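Quick notes on the structure that follows.
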Amino acid sequence: MQPKSYSIFGGHGSKSGIEHAAEVIFTICGFFAVLAVASISIYMLTSGTPALLKVGILDILFGSVWKPDAAVPSFGILYVILTSIVGTALAILIGVPIGVMTSVFLAEVAPQKLADIVRPAVELLAGIPSVIYGLLGILILNPVMYDLELKIFKGSPTHQFTGGANLISAVLVLALMILPTVINISETALRSVPQHFRSASLALGATKIQTIFHVVIPAAKSGIITAIVLGTGRAIGEAMAISLVSGSSVNFPLPFHSVRFLTTAIVSEMSYASGLHKQVLFTIGLVLFVFIMMINVILNSLLKKGADKNDK
Amino acid sequence: MNTNTIKISTSQLNLYYGTNHALKDVNMELYTNKITAFIGPSGCGKSTYLKTLNRMNDLIPGVKIEGEVLLDGENIYDSRVDTTLLRKKIGMVFQQPNPFPMSIYDNVAYGPRIHGIKNKSELDDIVEKSLKGAALWEEVSGRLKKSALGLSGGQQQRLCIARALAVEPEVLLMDEPTSALDPISTLKIEDLMDELKEKYTVAIVTHNMQQATRIADHTAFFLVGEVVEYAPTTELFTAPKDSRTEDYITGRFG
Amino acid sequence: MTNDLTIPVHRDSIIVNSIYNGKKRVSDSLLIILIYLCALISIFILMGIMGYVFVRGVPQINVSFLTTVPSTIKGTFGILGNIVNTLYVVAITLVIATPLGVGSAIYLNEYAKGGKVVRIIEFTTETLSGIPSIIFGLFGYVFFGTTLGLGYSILTGALTLSIMVLPLITRTTQEALKTVPESYRSGALGIGATKWYMIRTILLPSAMPGIVTGIILAIGRIVGESAALLFTAGSGYILPKSFLGKIFESGGTLTIQLYLCMQKAKYDEAFGIAVVLLVIVLAINGLAKYLSHKFNTEAKES
């Protein structure tokens, strides 16, 4: 007598239909990010280029006169681009050393208990909405800057008084805002340095501090660079926190000048701009997008390098 | 006749990891320009004892140490001791080769640099001397600026020895230095140790009894935190006084 | 052999390189001071921000502040409308982004065969999380607002934010899926379960705490967002007339209202809103911490 058996081929027609549908749906979800990045890129390009062609690429990118409302309007965004570059660079210059030192404190120096209190506090700092940073910038930084300005430029006939809304204020706010990013990522990098490097250094008679600065930090270099690049991205893309803190006119980026960043130009003019002016604002957005994409590519190659190193 | 000058003398040393009593009443002398081997099963305290000699155990939280370790008559657990000076005098080579992620040159020059030597030609001399001392110079002299991580495991371990020699220690502690290496590299390092003892006092932890018989002048057998027997190597292996030693070296356990 | 001569060394005899009393290194002390100083600056700034906002903001909070909308006729200023808008935006964004993000993570972790496709998706996800919110704002304004004709509306804002929080949800879900032991998968598949059945019954429940943490973090991001909403969801503050109709109307979230108050120099109101936001951020942070902690200890125990 033959035992009852069933074939291992197919059989569950409806089941495999569901299986197939599930796979297709998940695949679509997977490609959604690709779709999103592609459409954002296309839309930024198509909305940013018309003005470039109408006004002229050189006139926009290298023109230094920004008079969108004049009878004969002029749309030079050179100073805006420069402000974003200079402002971001200064913010990095201030924020990175403080951030890296704080991460050294958390990872290497602080007693475990203290580090366990400070670390969540730093994480909290990352979660605070950027408008709140802006609010504090206006009410705390700007008055201080105004006092300084009055002292430094007393009686100066050429200086345009800004009321404290200037490049320095914006840079300080940005430096503060990148702190959590820099601290978190650097700390992770420092902690992932193998313990045996520290032992080897200490066994040679190095002090703890010498070990940190000559062995641990160099070994965590790629992670710290990643932190800096991410911080750069965050600083160059920040809009709301600095839109009111940095003043409201387009100027060459000098410390006590009221300035406009790529981001703040969009925020403050989008609501009333129209026609060509609006198209130029999209061009500014495109410039910002290009900067961000460059940072992303750098970041990606850095992360890949790090991953390759770990594989060895 | 042998002349034994005491370099390090340990008396009534006890060590606790929290409540775990890891070393019990260790008394031992290490002699100048001799190789002393510590053998015993895993977890017997031989590595722990080695690390008390340059105070690397201080780095582990919850460690309590009692007793006295005299280096040239100075108690290394005295409050006046500067551990950086101590560790400069007592170098260490670890189980896993652990060169820094920098060039071969910078690895060897690391110690002298942190101890304040900045002069380039002086550093060059030290690097060459140390690499020669570790029998590595021939193999790497052409690529000193290359990353140390590109060396083979055996070369890396000899680089670590060179790195330790570069700070001109008087004592060299080696924690199972060949356990991660292939037989040929192991032989090279054993030959090297024989030369090293002319200048240094050497203490080596090994899980390999043949290695102890090949290189050590004296051998100590550790068991659950105690020194069961400490004697000239040939004596310990040919005529052990304690039955536990005999059981271990004849392979009845461990 | 046995007549070895042992020469003892006298205790504390004068020797050339003593290990006692080393010199303190000045550079070490300076660096230690520098490290402590930087840590102090970071900690002090954080405490300062929280303290300042609470001191200035808490007195502004009262029942009418939380339960009315701005009205020149009644002379009131309240944020109820903005709270409702925020809830709308959070809810709609999550409804869209959660399935997409979780699905994407499942694809990457369970279906994709590795290689180029995965690398492209992971690169774009990474890119997406690096794009600043103002760019999302511009894109949402043009694409959802103009091209799709949704104008300034809560839906436009939520769609825009969905793209923005997508990488966050994808990444946290992926992390959670990675921690599910391989043996669970082979165990389920080994007794003849189909892949989708295994995902539904074994994988998703095990990864749930991680997914929930991701969703909570996304809520934090949405609540704090402003630049991406300014040109998409607009700044309306009126209470909804109909539940579904509101979706197609303009609605400013709490952060947008805070920004508008700042612009009009109404700082007291701004601080009131800031306190509400900080409380939400604190709560979300605590909740995420609690969940991931619970998740970790459970994972360790099992």
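Note on naming: chains are A, B, ... as they come in the structure tokens, residues start from 1 per chain, ligands start from 1 in the order shown.
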
Contacts from chain B to chain A, 7 Å maximum, only C-alpha atoms: show me the residue list as a VMD selection string. chain B and resid 84 to 85 87 to 88 91 to 92 98 100 to 101 111 114 164

Per residue of chain B within 7 Å of chain C, record the nearest atom pair and its distance in Å to one decimal, counting only C-alpha atoms, with rows in chain order and ascending residue number, as a tab-separated table.
```
residue	atom	partner	partner_atom	distance
B:Met1	CA	C:Asp4	CA	6.3
B:Asn2	CA	C:Asp4	CA	5.2
B:Thr3	CA	C:Leu5	CA	5.1
B:Asn4	CA	C:Thr6	CA	4.7
B:Thr5	CA	C:Ile7	CA	4.8
B:Ile6	CA	C:Pro8	CA	5.7
B:Asp72	CA	C:Val9	CA	6.4
B:Gly73	CA	C:Arg11	CA	4.2
B:Glu74	CA	C:Asp12	CA	5.3
B:Arg80	CA	C:Tyr20	CA	5.2
B:Val81	CA	C:Tyr20	CA	4.3
B:Asp82	CA	C:Gly22	CA	5.2
B:Leu85	CA	C:Ile19	CA	5.3
B:Leu86	CA	C:Ile19	CA	5.4
```

List the spatial neighbours of segment 39-52 of chain B as a VMD selection string - criterion: any atom at most 7 Å away, only C-alpha atoms, same-chain residues fewer than 3 positions off excluded. chain B and resid 22 to 23 55 to 57 173 175 205 to 207 220 to 225 254

For those residues, write N, CA and C atoms to a file as a compact mmCIF listing (two decimals), in the first residue's frame.
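Okay, selection36.txt is ready:
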```
# COMPACT_ATOMS: atom_id res chain seq x y z
N ALA B 22 43.12 36.63 43.90
CA ALA B 22 43.78 36.11 42.70
C ALA B 22 45.24 35.76 42.91
N LEU B 23 45.93 36.40 43.84
CA LEU B 23 47.31 36.05 44.16
C LEU B 23 47.43 35.88 45.67
N ARG B 55 52.85 47.41 37.44
CA ARG B 55 51.62 48.07 37.91
C ARG B 55 50.60 48.29 36.81
N MET B 56 50.51 47.38 35.85
CA MET B 56 49.46 47.49 34.84
C MET B 56 48.11 47.09 35.44
N ASN B 57 48.15 46.35 36.56
CA ASN B 57 46.88 45.99 37.21
C ASN B 57 46.17 47.20 37.80
N LEU B 173 59.19 42.42 30.68
CA LEU B 173 58.14 41.47 31.02
C LEU B 173 57.47 41.00 29.73
N ASP B 175 54.35 38.66 28.23
CA ASP B 175 53.13 37.93 28.58
C ASP B 175 52.75 37.00 27.43
N VAL B 205 55.82 34.89 30.83
CA VAL B 205 54.71 33.98 31.11
C VAL B 205 54.56 33.08 29.90
N THR B 206 54.48 31.80 30.11
CA THR B 206 54.28 30.91 28.96
C THR B 206 53.38 29.75 29.35
N HIS B 207 52.58 29.32 28.38
CA HIS B 207 51.73 28.15 28.63
C HIS B 207 52.41 26.91 28.05
N ALA B 220 58.92 29.28 37.69
CA ALA B 220 57.99 29.25 38.81
C ALA B 220 56.70 28.60 38.35
N PHE B 221 56.18 27.68 39.16
CA PHE B 221 54.92 27.03 38.82
C PHE B 221 53.81 27.61 39.69
N PHE B 222 52.79 28.18 38.99
CA PHE B 222 51.66 28.82 39.69
C PHE B 222 50.45 27.89 39.65
N LEU B 223 49.70 27.89 40.75
CA LEU B 223 48.44 27.14 40.77
C LEU B 223 47.46 27.89 41.66
N VAL B 224 46.28 28.16 41.14
CA VAL B 224 45.24 28.97 41.82
C VAL B 224 45.81 30.08 42.70
N GLY B 225 46.63 30.92 42.09
CA GLY B 225 47.07 32.12 42.78
C GLY B 225 48.27 31.92 43.69
N GLY B 254 45.86 20.34 33.44
CA GLY B 254 46.27 21.64 32.93
C GLY B 254 46.41 21.73 31.49
```

Please identify all polymer residues within 9 Å of segment 81-93 of chain C, counting only C-alpha atoms, omitting same-chain residues fewer than 4 positions from it, and present them as a PDB file with N, CA and C atoms, in the first residue's frame.
```pdb
ATOM      1  N   LEU C  66      -2.958  77.501  26.698  1.00  0.00           N
ATOM      2  CA  LEU C  66      -2.982  76.166  26.116  1.00  0.00           C
ATOM      3  C   LEU C  66      -4.304  75.834  25.437  1.00  0.00           C
ATOM      4  N   THR C  67      -5.365  76.611  25.723  1.00  0.00           N
ATOM      5  CA  THR C  67      -6.681  76.174  25.251  1.00  0.00           C
ATOM      6  C   THR C  67      -7.362  77.162  24.311  1.00  0.00           C
ATOM      7  N   THR C  68      -6.700  78.231  23.931  1.00  0.00           N
ATOM      8  CA  THR C  68      -7.352  79.157  23.000  1.00  0.00           C
ATOM      9  C   THR C  68      -6.500  79.323  21.749  1.00  0.00           C
ATOM     10  N   VAL C  69      -7.035  80.047  20.768  1.00  0.00           N
ATOM     11  CA  VAL C  69      -6.257  80.388  19.585  1.00  0.00           C
ATOM     12  C   VAL C  69      -6.083  81.904  19.570  1.00  0.00           C
ATOM     13  N   PRO C  70      -5.087  82.413  18.866  1.00  0.00           N
ATOM     14  CA  PRO C  70      -4.875  83.861  18.826  1.00  0.00           C
ATOM     15  C   PRO C  70      -6.112  84.566  18.253  1.00  0.00           C
ATOM     16  N   ALA C  97       5.099  57.420   6.665  1.00  0.00           N
ATOM     17  CA  ALA C  97       6.528  57.076   6.693  1.00  0.00           C
ATOM     18  C   ALA C  97       6.806  55.730   7.348  1.00  0.00           C
ATOM     19  N   THR C  98       6.001  55.347   8.355  1.00  0.00           N
ATOM     20  CA  THR C  98       6.320  54.101   9.071  1.00  0.00           C
ATOM     21  C   THR C  98       6.286  52.869   8.162  1.00  0.00           C
ATOM     22  N   ILE C 154      -1.706  70.938   5.530  1.00  0.00           N
ATOM     23  CA  ILE C 154      -1.115  69.970   6.450  1.00  0.00           C
ATOM     24  C   ILE C 154      -0.635  68.747   5.696  1.00  0.00           C
ATOM     25  N   LEU C 155      -1.391  68.357   4.661  1.00  0.00           N
ATOM     26  CA  LEU C 155      -0.994  67.180   3.883  1.00  0.00           C
ATOM     27  C   LEU C 155       0.350  67.420   3.188  1.00  0.00           C
ATOM     28  N   GLY C 157       2.701  69.411   4.113  1.00  0.00           N
ATOM     29  CA  GLY C 157       3.734  69.369   5.145  1.00  0.00           C
ATOM     30  C   GLY C 157       4.050  67.950   5.550  1.00  0.00           C
ATOM     31  N   ALA C 158       2.997  67.145   5.768  1.00  0.00           N
ATOM     32  CA  ALA C 158       3.207  65.773   6.244  1.00  0.00           C
ATOM     33  C   ALA C 158       3.916  64.935   5.191  1.00  0.00           C
ATOM     34  N   LEU C 159       3.527  65.115   3.910  1.00  0.00           N
ATOM     35  CA  LEU C 159       4.198  64.368   2.846  1.00  0.00           C
ATOM     36  C   LEU C 159       5.682  64.718   2.802  1.00  0.00           C
ATOM     37  N   THR C 160       5.962  66.019   2.943  1.00  0.00           N
ATOM     38  CA  THR C 160       7.353  66.456   2.919  1.00  0.00           C
ATOM     39  C   THR C 160       8.131  65.829   4.075  1.00  0.00           C
ATOM     40  N   LEU C 161       7.529  65.893   5.269  1.00  0.00           N
ATOM     41  CA  LEU C 161       8.226  65.346   6.431  1.00  0.00           C
ATOM     42  C   LEU C 161       8.380  63.830   6.336  1.00  0.00           C
ATOM     43  N   SER C 162       7.428  63.167   5.651  1.00  0.00           N
ATOM     44  CA  SER C 162       7.541  61.712   5.511  1.00  0.00           C
ATOM     45  C   SER C 162       8.861  61.342   4.853  1.00  0.00           C
ATOM     46  N   ILE C 163       9.209  62.075   3.795  1.00  0.00           N
ATOM     47  CA  ILE C 163      10.486  61.792   3.131  1.00  0.00           C
ATOM     48  C   ILE C 163      11.636  62.075   4.082  1.00  0.00           C
ATOM     49  N   VAL C 165      11.764  61.952   7.457  1.00  0.00           N
ATOM     50  CA  VAL C 165      12.004  61.015   8.571  1.00  0.00           C
ATOM     51  C   VAL C 165      12.175  59.569   8.088  1.00  0.00           C
ATOM     52  N   ALA C 218      11.345  59.752  15.478  1.00  0.00           N
ATOM     53  CA  ALA C 218      10.782  60.476  14.344  1.00  0.00           C
ATOM     54  C   ALA C 218       9.796  61.540  14.842  1.00  0.00           C
ATOM     55  N   ILE C 219       9.006  61.207  15.859  1.00  0.00           N
ATOM     56  CA  ILE C 219       8.075  62.201  16.411  1.00  0.00           C
ATOM     57  C   ILE C 219       8.860  63.415  16.903  1.00  0.00           C
ATOM     58  N   ILE C 222       9.840  65.508  14.006  1.00  0.00           N
ATOM     59  CA  ILE C 222       8.711  66.215  13.399  1.00  0.00           C
ATOM     60  C   ILE C 222       8.302  67.401  14.266  1.00  0.00           C
ATOM     61  N   VAL C 223       8.218  67.153  15.572  1.00  0.00           N
ATOM     62  CA  VAL C 223       7.799  68.224  16.477  1.00  0.00           C
ATOM     63  C   VAL C 223       8.774  69.394  16.424  1.00  0.00           C
ATOM     64  N   ALA C 233       3.387  73.430   5.040  1.00  0.00           N
ATOM     65  CA  ALA C 233       2.160  73.387   5.835  1.00  0.00           C
ATOM     66  C   ALA C 233       1.640  74.783   6.150  1.00  0.00           C
ATOM     67  N   SER C 235       1.109  78.484   7.958  1.00  0.00           N
ATOM     68  CA  SER C 235       1.138  78.991   9.323  1.00  0.00           C
ATOM     69  C   SER C 235      -0.252  79.181   9.927  1.00  0.00           C
ATOM     70  N   GLY C 236      -1.250  78.516   9.406  1.00  0.00           N
ATOM     71  CA  GLY C 236      -2.601  78.687   9.954  1.00  0.00           C
ATOM     72  C   GLY C 236      -2.679  78.305  11.418  1.00  0.00           C
ATOM     73  N   TYR C 237      -3.545  78.986  12.157  1.00  0.00           N
ATOM     74  CA  TYR C 237      -3.640  78.665  13.574  1.00  0.00           C
ATOM     75  C   TYR C 237      -5.088  78.482  14.018  1.00  0.00           C
ATOM     76  N   ILE C 238      -6.009  78.457  13.053  1.00  0.00           N
ATOM     77  CA  ILE C 238      -7.426  78.310  13.379  1.00  0.00           C
ATOM     78  C   ILE C 238      -7.714  76.844  13.710  1.00  0.00           C
ATOM     79  N   LEU C 239      -8.654  76.627  14.614  1.00  0.00           N
ATOM     80  CA  LEU C 239      -9.037  75.255  14.933  1.00  0.00           C
ATOM     81  C   LEU C 239      -9.764  74.630  13.751  1.00  0.00           C
ATOM     82  N   PRO C 240      -9.618  73.328  13.580  1.00  0.00           N
ATOM     83  CA  PRO C 240     -10.254  72.687  12.425  1.00  0.00           C
ATOM     84  C   PRO C 240     -11.783  72.776  12.491  1.00  0.00           C
ATOM     85  N   LYS C 246      -9.440  69.549   7.569  1.00  0.00           N
ATOM     86  CA  LYS C 246      -8.254  70.240   8.060  1.00  0.00           C
ATOM     87  C   LYS C 246      -6.988  69.823   7.314  1.00  0.00           C
ATOM     88  N   ILE C 247      -7.008  68.559   6.856  1.00  0.00           N
ATOM     89  CA  ILE C 247      -5.828  68.027   6.194  1.00  0.00           C
ATOM     90  C   ILE C 247      -5.439  68.864   4.979  1.00  0.00           C
ATOM     91  N   SER C 250      -4.181  75.017   5.549  1.00  0.00           N
ATOM     92  CA  SER C 250      -2.879  75.380   6.083  1.00  0.00           C
ATOM     93  C   SER C 250      -2.895  75.253   7.605  1.00  0.00           C
ATOM     94  N   GLY C 251      -1.785  74.827   8.168  1.00  0.00           N
ATOM     95  CA  GLY C 251      -1.725  74.702   9.619  1.00  0.00           C
ATOM     96  C   GLY C 251      -0.302  74.771  10.124  1.00  0.00           C
ATOM     97  N   GLY C 252      -0.008  75.759  10.962  1.00  0.00           N
ATOM     98  CA  GLY C 252       1.347  75.906  11.495  1.00  0.00           C
ATOM     99  C   GLY C 252       1.520  75.080  12.756  1.00  0.00           C
ATOM    100  N   THR C 253       2.643  74.371  12.848  1.00  0.00           N
ATOM    101  CA  THR C 253       2.908  73.605  14.067  1.00  0.00           C
ATOM    102  C   THR C 253       3.446  74.541  15.147  1.00  0.00           C
ATOM    103  N   LEU C 254       3.729  73.995  16.304  1.00  0.00           N
ATOM    104  CA  LEU C 254       4.232  74.794  17.429  1.00  0.00           C
ATOM    105  C   LEU C 254       5.521  75.527  17.062  1.00  0.00           C
ATOM    106  N   THR C 255       6.423  74.824  16.387  1.00  0.00           N
ATOM    107  CA  THR C 255       7.699  75.465  16.053  1.00  0.00           C
ATOM    108  C   THR C 255       7.492  76.633  15.097  1.00  0.00           C
ATOM    109  N   ILE C 256       6.572  76.463  14.138  1.00  0.00           N
ATOM    110  CA  ILE C 256       6.302  77.549  13.190  1.00  0.00           C
ATOM    111  C   ILE C 256       5.740  78.752  13.944  1.00  0.00           C
ATOM    112  N   GLN C 257       4.817  78.486  14.860  1.00  0.00           N
ATOM    113  CA  GLN C 257       4.236  79.580  15.632  1.00  0.00           C
ATOM    114  C   GLN C 257       5.325  80.279  16.452  1.00  0.00           C
TER     115      GLN C 257
END
```

Skip Glu128 of chain B itself and residues of its chain fewer than 2 positions away, then list as number ranges by chain all residues within 10 Å of it, counting only C-alpha atoms. B: 105, 108-109, 123-126, 130-134, 136-137, 141, 144, 162, 166

So that I have them on file, write out the residues from the current selection with C-alpha atoms, as a short mmCIF file (atom, residue, chain, number, x, y, z; two decimals), in the first residue's frame.
```
data_model
loop_
_atom_site.label_atom_id
_atom_site.label_comp_id
_atom_site.auth_asym_id
_atom_site.auth_seq_id
_atom_site.Cartn_x
_atom_site.Cartn_y
_atom_site.Cartn_z
CA TYR B 105 59.62 54.15 12.68
CA VAL B 108 59.73 52.47 17.85
CA ALA B 109 60.27 56.20 18.33
CA LEU B 123 65.85 59.15 17.39
CA ASP B 124 67.23 57.60 14.20
CA ASP B 125 70.01 55.99 16.23
CA ILE B 126 67.62 54.66 18.86
CA SER B 130 66.27 48.91 18.97
CA LEU B 131 65.27 47.23 15.71
CA LYS B 132 68.67 45.54 15.58
CA GLY B 133 68.25 44.52 19.20
CA ALA B 134 64.96 42.88 18.27
CA LEU B 136 64.14 43.03 12.90
CA TRP B 137 66.41 45.65 11.33
CA SER B 141 65.25 48.92 7.28
CA LEU B 144 60.58 52.30 8.08
CA ALA B 162 61.92 46.81 19.68
CA ALA B 166 63.71 51.78 22.69
#
```

Considering only C-alpha atoms, return as a PyMOL selection string whatever protein or nucleic-acid residues lie within 12 Å of Glu195 of chain B, sequence-local ones (same chain, fewer than 6 positions apart) excluded. chain B and resi 33-35+132-135+188-189+201-202+215

Return as a PyMOL selection string the full set of residues in segment 200-264 of chain C whose backbone-based DSSP assignment is alpha helix (DSSP H). chain C and resi 204-224+227-230+254-263

Polymer residues at most 8 Å from Ala126 of chain A, only C-alpha atoms, same-chain spacing of 5 or more positions, as a list in words: Met177, Pro180 and Thr181 of chain A

Could I get the residues of chain A with an atom no further than 6 Å from an atom of chain C, each paired with its nearest atom pair and that distance in Å to one decimal, using only C-alpha atoms, sorted by chain and residue number, as JSON lines?
```
{"residue": "A:Glu19", "atom": "CA", "partner": "C:Trp196", "partner_atom": "CA", "distance": 5.9}
{"residue": "A:Phe26", "atom": "CA", "partner": "C:Gly103", "partner_atom": "CA", "distance": 5.0}
{"residue": "A:Thr27", "atom": "CA", "partner": "C:Tyr107", "partner_atom": "CA", "distance": 5.7}
{"residue": "A:Cys29", "atom": "CA", "partner": "C:Ser104", "partner_atom": "CA", "distance": 4.6}
{"residue": "A:Gly30", "atom": "CA", "partner": "C:Ser104", "partner_atom": "CA", "distance": 3.8}
{"residue": "A:Ala33", "atom": "CA", "partner": "C:Thr125", "partner_atom": "CA", "distance": 5.6}
{"residue": "A:Val34", "atom": "CA", "partner": "C:Thr124", "partner_atom": "CA", "distance": 5.5}
{"residue": "A:Ile98", "atom": "CA", "partner": "C:Cys38", "partner_atom": "CA", "distance": 5.1}
{"residue": "A:Met101", "atom": "CA", "partner": "C:Ile35", "partner_atom": "CA", "distance": 5.2}
{"residue": "A:Thr102", "atom": "CA", "partner": "C:Ala39", "partner_atom": "CA", "distance": 4.5}
{"residue": "A:Pro129", "atom": "CA", "partner": "C:Gly224", "partner_atom": "CA", "distance": 4.3}
{"residue": "A:Ile209", "atom": "CA", "partner": "C:Asp28", "partner_atom": "CA", "distance": 5.9}
{"residue": "A:Gly237", "atom": "CA", "partner": "C:Pro132", "partner_atom": "CA", "distance": 4.9}
```

At a cut-off of 12 Å, can you tabulate as a Markdown table every residue of segment 74-113 of chain B near segment 59-65 of chain B together with its closest atom pair and the distance in Å to one decimal, using only C-alpha atoms and ordering rows by chain then number?
```
| residue | atom | partner | partner_atom | distance |
| --- | --- | --- | --- | --- |
| B:Ile76 | CA | B:Ile65 | CA | 11.6 |
| B:Tyr77 | CA | B:Ile65 | CA | 8.7 |
| B:Asp78 | CA | B:Ile65 | CA | 11.7 |
| B:Thr83 | CA | B:Leu59 | CA | 11.3 |
```

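Closest approach to Leu189 of chain C from the set C:Thr173, C:Thr232, C:Thr201, C:Thr156 is made by C:Thr201, with distances taken over only C-alpha atoms.
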
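Pairwise distance (atom CA of Gln157 of chain B, atom CA of Pro177 of chain B) equals 7.3 Å.
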
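The shortest atom-to-atom distance to Met102 of chain B, with only C-alpha atoms taken into account, belongs to A:Lys221 out of A:Ala235, A:Lys221, A:Leu276, A:Pro111.
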
Report the distance between atom CA of Tyr133 of chain A and atom CA of Phe161 of chain A in Å, rounded to one decimal place. 23.1 Å

Figure out the distance between atom CA of Ala193 of chain C and atom CA of Ile28 of chain A, please, to one decimal in Å. 23.4 Å
